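Chemist: Below is one structure. I have some questions about it.
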Amino acid sequence: MSNAFHYTEKLICIFNAKIYNSDSETDFEWMLFDEISGYIKRIGVGKPDLSGLTISNSIDIGGQRILPGLHDSHIHVSNIGREIWSCELNNCSSIKEMQERIANYCKKNPNAEWIFCAGWEQEKLGRLPNSQDLDVISDKPIFAYRICHHIAVVNKTALKLAGYNRDIKDPEGGTLDRDSNGELTGILRENAINPVMAIVLKSISKPESLIKFLKIGLKNCLESGLTSVHSNEAASWNELCTIERNKELSIRVFMASYYSSLSKNLPKYPGEQYGNLLSCDRIKIFCDGSLGGSSAAMSMHYINDEKNKGLLLMSQDELNTAVREVTAAGYRLEIHVIGDAAADAALTALETVGVDPNKRPILTHCQILRKDLLPRMRKQGVIANIQPPFLPTDTAWLHLRLPKPLLEYAYVWKTLMKEGIVCAGGSDSPVEHWNPFWGMYDAIFRPLGSRTSTEVHKPEECLTIREAVDLYTKNGAYTTRREHDLGQLKVGYLADFVVVDKDIITEPKSLLDVKVNQCWISGICKYKRL
Ligand SMILES: [Zn+2]
């Protein structure tokens, strides 16, 4: 009897492979998937079982390692694209080097209205930069984010355009640094950045620029083995739809919008799936600042700043309202919490509003916690969205800023897992590099102070290679509530996978220099290394 629905299949068999099996330490050796539907039909060990099937393509993968497609559960794709396009200040080791890089960029981009830069760290520069450092480079407005995006430095022209002068008061939740005479130094913290950024964005975030940045960011993610990005985007839904409509969306994008843009540039309804690869079901709320900027909200003072406990960006009442509004609008929550006081406030809001644990609220970063917070996290169904690449960077100075009792629950990922809390891995790129293999390396080896260090920060918290892979595969899929068809390679799952040139499972040290040879999404090869 013929079926009324003529469904055509185009079956591809990949064999002679070491395919990561999320359920057991025994690798699969072959898999068979349908290029049309994108689903895995059969998978197994030994000789491929192709009985009764017509195979359109058989690929001998030469014994290479295959992993499920990798997720980055916290990333800013358009910002990555923008930073690749803009003036990069990462690893500048002096004010002079920073000035030279900006001057070079100005020369190469004579038509730029704004000089947009990012990536500096005062720890590497020797001191905080100031507006005079930038004034000598150009009269054009210059804006330069610190690597964390919670602090920026601008020149005089930019201060003027934002209407900032010595008489201006600090905005709620933000600071303008001043010298001993009360003059602005050009350093803007937290909410004080917003008015300047709003003008910058007007100049560089026209839809056509945004599409350009998104495409640059997505391409770089794909080439690093990421098949799904959970991207925090202020207002990029329409642009992402345009890219998907033009069949140019290379990987899956699970967008998270911001609470501040709750009514703008969002899908028609929460969870809308646009085409095959794009959806948005969560809204991000900021609870505190960053550790690098000493603005993460703590229950104790920073030891290098006796008066400072960091900054809660909203009062408890405001936070409760935000959580209530996002939930009422039908979205899931993603809350930025770095300090223990921020995690406490976020949990209080979830408890007060009575957010359903089945909606799996996400606490992003969770860097500094406390023992009493963990059972509350589990009870609320919280996913800890962690950033392993922060560890080598932050542990260089963490002990100089945090009091001992708070260090005890800093970056305690193994403890979280033991407590039954699902952890998902992300880079927060462009804060750190988006390479997911480096994130796995950091989760396993926890190198103290820098990725090349052989000293270990809290060895008892080191993850196994399988736990580290789970962070970026299975648990990433769980974070998107797609654990039924993404994040693992098994029958009925989508054929999202990466082929890598080293066996990272038996040689975890090779995570540092492993290369992605192929990247497949829904049974289609999207990237092949030449
Ligand atoms: Zn972020």
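Naming scheme: A, B, ... for chains in displayed order of the structure tokens; residues 1 onward per chain; ligands 1 onward as shown.
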How would you write, as JSON, numbers by chain, the set of residues in segment 67-219 of chain A that DSSP gives as helix (DSSP H, G or I)?
Modeler: {"A": [77, 78, 79, 80, 81, 82, 83, 84, 85, 95, 96, 97, 98, 99, 100, 101, 102, 103, 104, 105, 106, 107, 108, 122, 123, 124, 125, 131, 132, 133, 134, 135, 156, 157, 158, 159, 160, 161, 191, 192, 193, 194, 195, 196, 197, 198, 199, 200, 201, 202, 203, 204, 207, 208, 209, 210, 211, 212, 213, 214, 215, 216, 217, 218, 219]}
Chemist: Per residue of chain A within 9 Å of ligand 1, note the shortest atom pair and the distance in Å to one decimal, counting only C-alpha atoms and all ligand atoms, and order the rows by chain and increasing residue number, as CSV.
Modeler:
residue,atom,partner,partner_atom_place_in_ligand_line,distance
A:His74,CA,ligand 1,1 (Zn),6.3
A:Ile75,CA,ligand 1,1 (Zn),6.1
A:His76,CA,ligand 1,1 (Zn),6.5
A:Cys148,CA,ligand 1,1 (Zn),8.5
A:His149,CA,ligand 1,1 (Zn),8.6
A:Ser231,CA,ligand 1,1 (Zn),8.8
A:Asn232,CA,ligand 1,1 (Zn),6.9
A:His336,CA,ligand 1,1 (Zn),7.7
A:Thr364,CA,ligand 1,1 (Zn),8.1
A:His365,CA,ligand 1,1 (Zn),8.4
A:Ser427,CA,ligand 1,1 (Zn),8.3
A:Asp428,CA,ligand 1,1 (Zn),4.6
A:Ser429,CA,ligand 1,1 (Zn),7.2
A:Pro430,CA,ligand 1,1 (Zn),8.3
A:Val431,CA,ligand 1,1 (Zn),7.4
Chemist: Give me a file of those residues, with C-alpha atoms, as a short mmCIF file (atom, residue, chain, number, x, y, z; two decimals), in the first residue's frame.
Modeler:
data_model
loop_
_atom_site.label_atom_id
_atom_site.label_comp_id
_atom_site.auth_asym_id
_atom_site.auth_seq_id
_atom_site.Cartn_x
_atom_site.Cartn_y
_atom_site.Cartn_z
CA HIS A 74 25.60 32.50 27.31
CA ILE A 75 27.05 34.53 24.48
CA HIS A 76 26.50 37.85 22.71
CA CYS A 148 33.61 43.16 31.01
CA HIS A 149 31.36 45.79 29.34
CA SER A 231 22.59 34.68 22.42
CA ASN A 232 21.74 37.70 24.55
CA HIS A 336 22.58 37.92 35.60
CA THR A 364 23.75 33.32 34.62
CA HIS A 365 27.33 33.43 35.98
CA SER A 427 31.72 31.95 27.29
CA ASP A 428 29.93 35.29 27.73
CA SER A 429 31.88 36.11 24.60
CA PRO A 430 33.13 38.71 23.70
CA VAL A 431 34.07 38.94 27.39
#
Chemist: Tell me, counting only C-alpha atoms, for each residue of segment 154-210 of chain A within 10 Å of segment 311-328 of chain A, which pair of atoms is nearest and how far apart they are in Å to one decimal, in rows ordered by chain and increasing number, as a tab-separated table.
Modeler:
residue	atom	partner	partner_atom	distance
A:Glu172	CA	A:Leu313	CA	8.3
A:Gly173	CA	A:Leu313	CA	5.4
A:Gly174	CA	A:Leu313	CA	8.6
A:Glu190	CA	A:Leu313	CA	8.7
A:Asn191	CA	A:Leu313	CA	8.6
Chemist: Could those selected residues go to a file with N, CA and C atoms, as an mmCIF file, in the first residue's frame?
Modeler:
data_model
loop_
_atom_site.group_PDB
_atom_site.id
_atom_site.type_symbol
_atom_site.label_atom_id
_atom_site.label_comp_id
_atom_site.auth_asym_id
_atom_site.auth_seq_id
_atom_site.Cartn_x
_atom_site.Cartn_y
_atom_site.Cartn_z
ATOM 1 N N GLU A 172 21.131 56.703 38.751
ATOM 2 C CA GLU A 172 20.781 55.540 39.578
ATOM 3 C C GLU A 172 21.523 54.309 39.042
ATOM 4 N N GLY A 173 22.237 53.597 39.914
ATOM 5 C CA GLY A 173 22.915 52.368 39.482
ATOM 6 C C GLY A 173 24.131 52.604 38.597
ATOM 7 N N GLY A 174 24.699 53.809 38.666
ATOM 8 C CA GLY A 174 25.880 54.065 37.837
ATOM 9 C C GLY A 174 26.749 55.150 38.438
ATOM 10 N N GLU A 190 28.683 51.139 34.864
ATOM 11 C CA GLU A 190 27.305 50.611 34.838
ATOM 12 C C GLU A 190 26.347 51.564 34.118
ATOM 13 N N ASN A 191 25.246 51.981 34.800
ATOM 14 C CA ASN A 191 24.207 52.749 34.110
ATOM 15 C C ASN A 191 24.680 54.094 33.564
#
Chemist: Any idea what's packed within 10 Å of segment 488-493 of chain A, counting only C-alpha atoms, ignoring anything in its chain fewer than 5 positions away? Could you give it as a list in words?
Modeler: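 The filter keeps Ile19, Tyr20, Asn21, Ser22, Asp23, Phe28, Met31, Leu32, Phe33, Gly38, Tyr39, Ile40, Lys41, Arg42, Ile43, Gly44, Ile66, Leu67, Pro68, Gly69, Leu70, Asp470, Thr473, Lys474, Asn475, Ala477, Arg482, Glu483 and Ser522 of chain A.
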Chemist: Quick one: write out the picked residues with C-alpha atoms as an mmCIF file, in the first residue's frame?
Modeler:
data_model
loop_
_atom_site.group_PDB
_atom_site.id
_atom_site.type_symbol
_atom_site.label_atom_id
_atom_site.label_comp_id
_atom_site.auth_asym_id
_atom_site.auth_seq_id
_atom_site.Cartn_x
_atom_site.Cartn_y
_atom_site.Cartn_z
ATOM 1 C CA ILE A 19 31.048 8.962 18.253
ATOM 2 C CA TYR A 20 30.532 10.331 21.762
ATOM 3 C CA ASN A 21 27.816 8.432 23.594
ATOM 4 C CA SER A 22 26.220 10.612 26.279
ATOM 5 C CA ASP A 23 24.835 7.580 28.143
ATOM 6 C CA PHE A 28 29.305 4.517 18.835
ATOM 7 C CA MET A 31 25.435 6.618 12.505
ATOM 8 C CA LEU A 32 22.820 6.995 9.845
ATOM 9 C CA PHE A 33 20.793 10.152 9.428
ATOM 10 C CA GLY A 38 17.781 16.105 9.856
ATOM 11 C CA TYR A 39 17.087 13.202 12.254
ATOM 12 C CA ILE A 40 19.300 10.279 13.242
ATOM 13 C CA LYS A 41 17.681 6.972 12.148
ATOM 14 C CA ARG A 42 20.179 4.446 13.391
ATOM 15 C CA ILE A 43 23.395 4.517 15.407
ATOM 16 C CA GLY A 44 25.593 1.746 16.714
ATOM 17 C CA ILE A 66 32.655 13.073 16.702
ATOM 18 C CA LEU A 67 30.887 15.064 19.416
ATOM 19 C CA PRO A 68 27.280 16.199 19.672
ATOM 20 C CA GLY A 69 26.905 19.769 18.361
ATOM 21 C CA LEU A 70 28.158 22.209 20.983
ATOM 22 C CA ASP A 470 27.878 17.613 29.061
ATOM 23 C CA THR A 473 26.010 19.540 24.866
ATOM 24 C CA LYS A 474 23.298 17.779 26.886
ATOM 25 C CA ASN A 475 23.000 20.500 29.518
ATOM 26 C CA ALA A 477 20.037 21.457 25.238
ATOM 27 C CA ARG A 482 15.219 20.820 23.781
ATOM 28 C CA GLU A 483 16.807 17.842 25.584
ATOM 29 C CA SER A 522 20.307 18.987 11.058
#
Chemist: List the neighbours of Gly182 of chain A out to 12 Å using only C-alpha atoms; skip same-chain residues closer than 5 positions along the sequence, and give me the result as a PyMOL selection string.
Modeler: chain A and resi 165-169+176-177
Chemist: Can you spit out the residues from that selection as a compact mmCIF listing (two decimals), in the first residue's frame, using C-alpha atoms?
Modeler:
# COMPACT_ATOMS: atom_id res chain seq x y z
CA ASN A 165 29.91 67.74 32.46
CA ARG A 166 31.21 68.29 36.00
CA ASP A 167 27.77 69.41 37.22
CA ILE A 168 26.04 66.18 36.24
CA LYS A 169 24.86 63.88 39.05
CA LEU A 176 30.95 58.85 36.62
CA ASP A 177 34.50 58.84 38.02
Chemist: Using only C-alpha atoms, find the one residue out of A:Lys414, A:Lys108, A:Arg82, A:Arg245 that sits nearest to Leu210 of chain A.
Modeler: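 Distance minimum relative to Leu210 of chain A lands on A:Arg82.
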Chemist: Could you please determine the separation between atom CA of Leu134 of chain A and atom CA of Arg401 of chain A in Å, to one decimal place?
Modeler: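 If I compute the distance from atom CA of Leu134 of chain A to atom CA of Arg401 of chain A, I get 28.5 Å.
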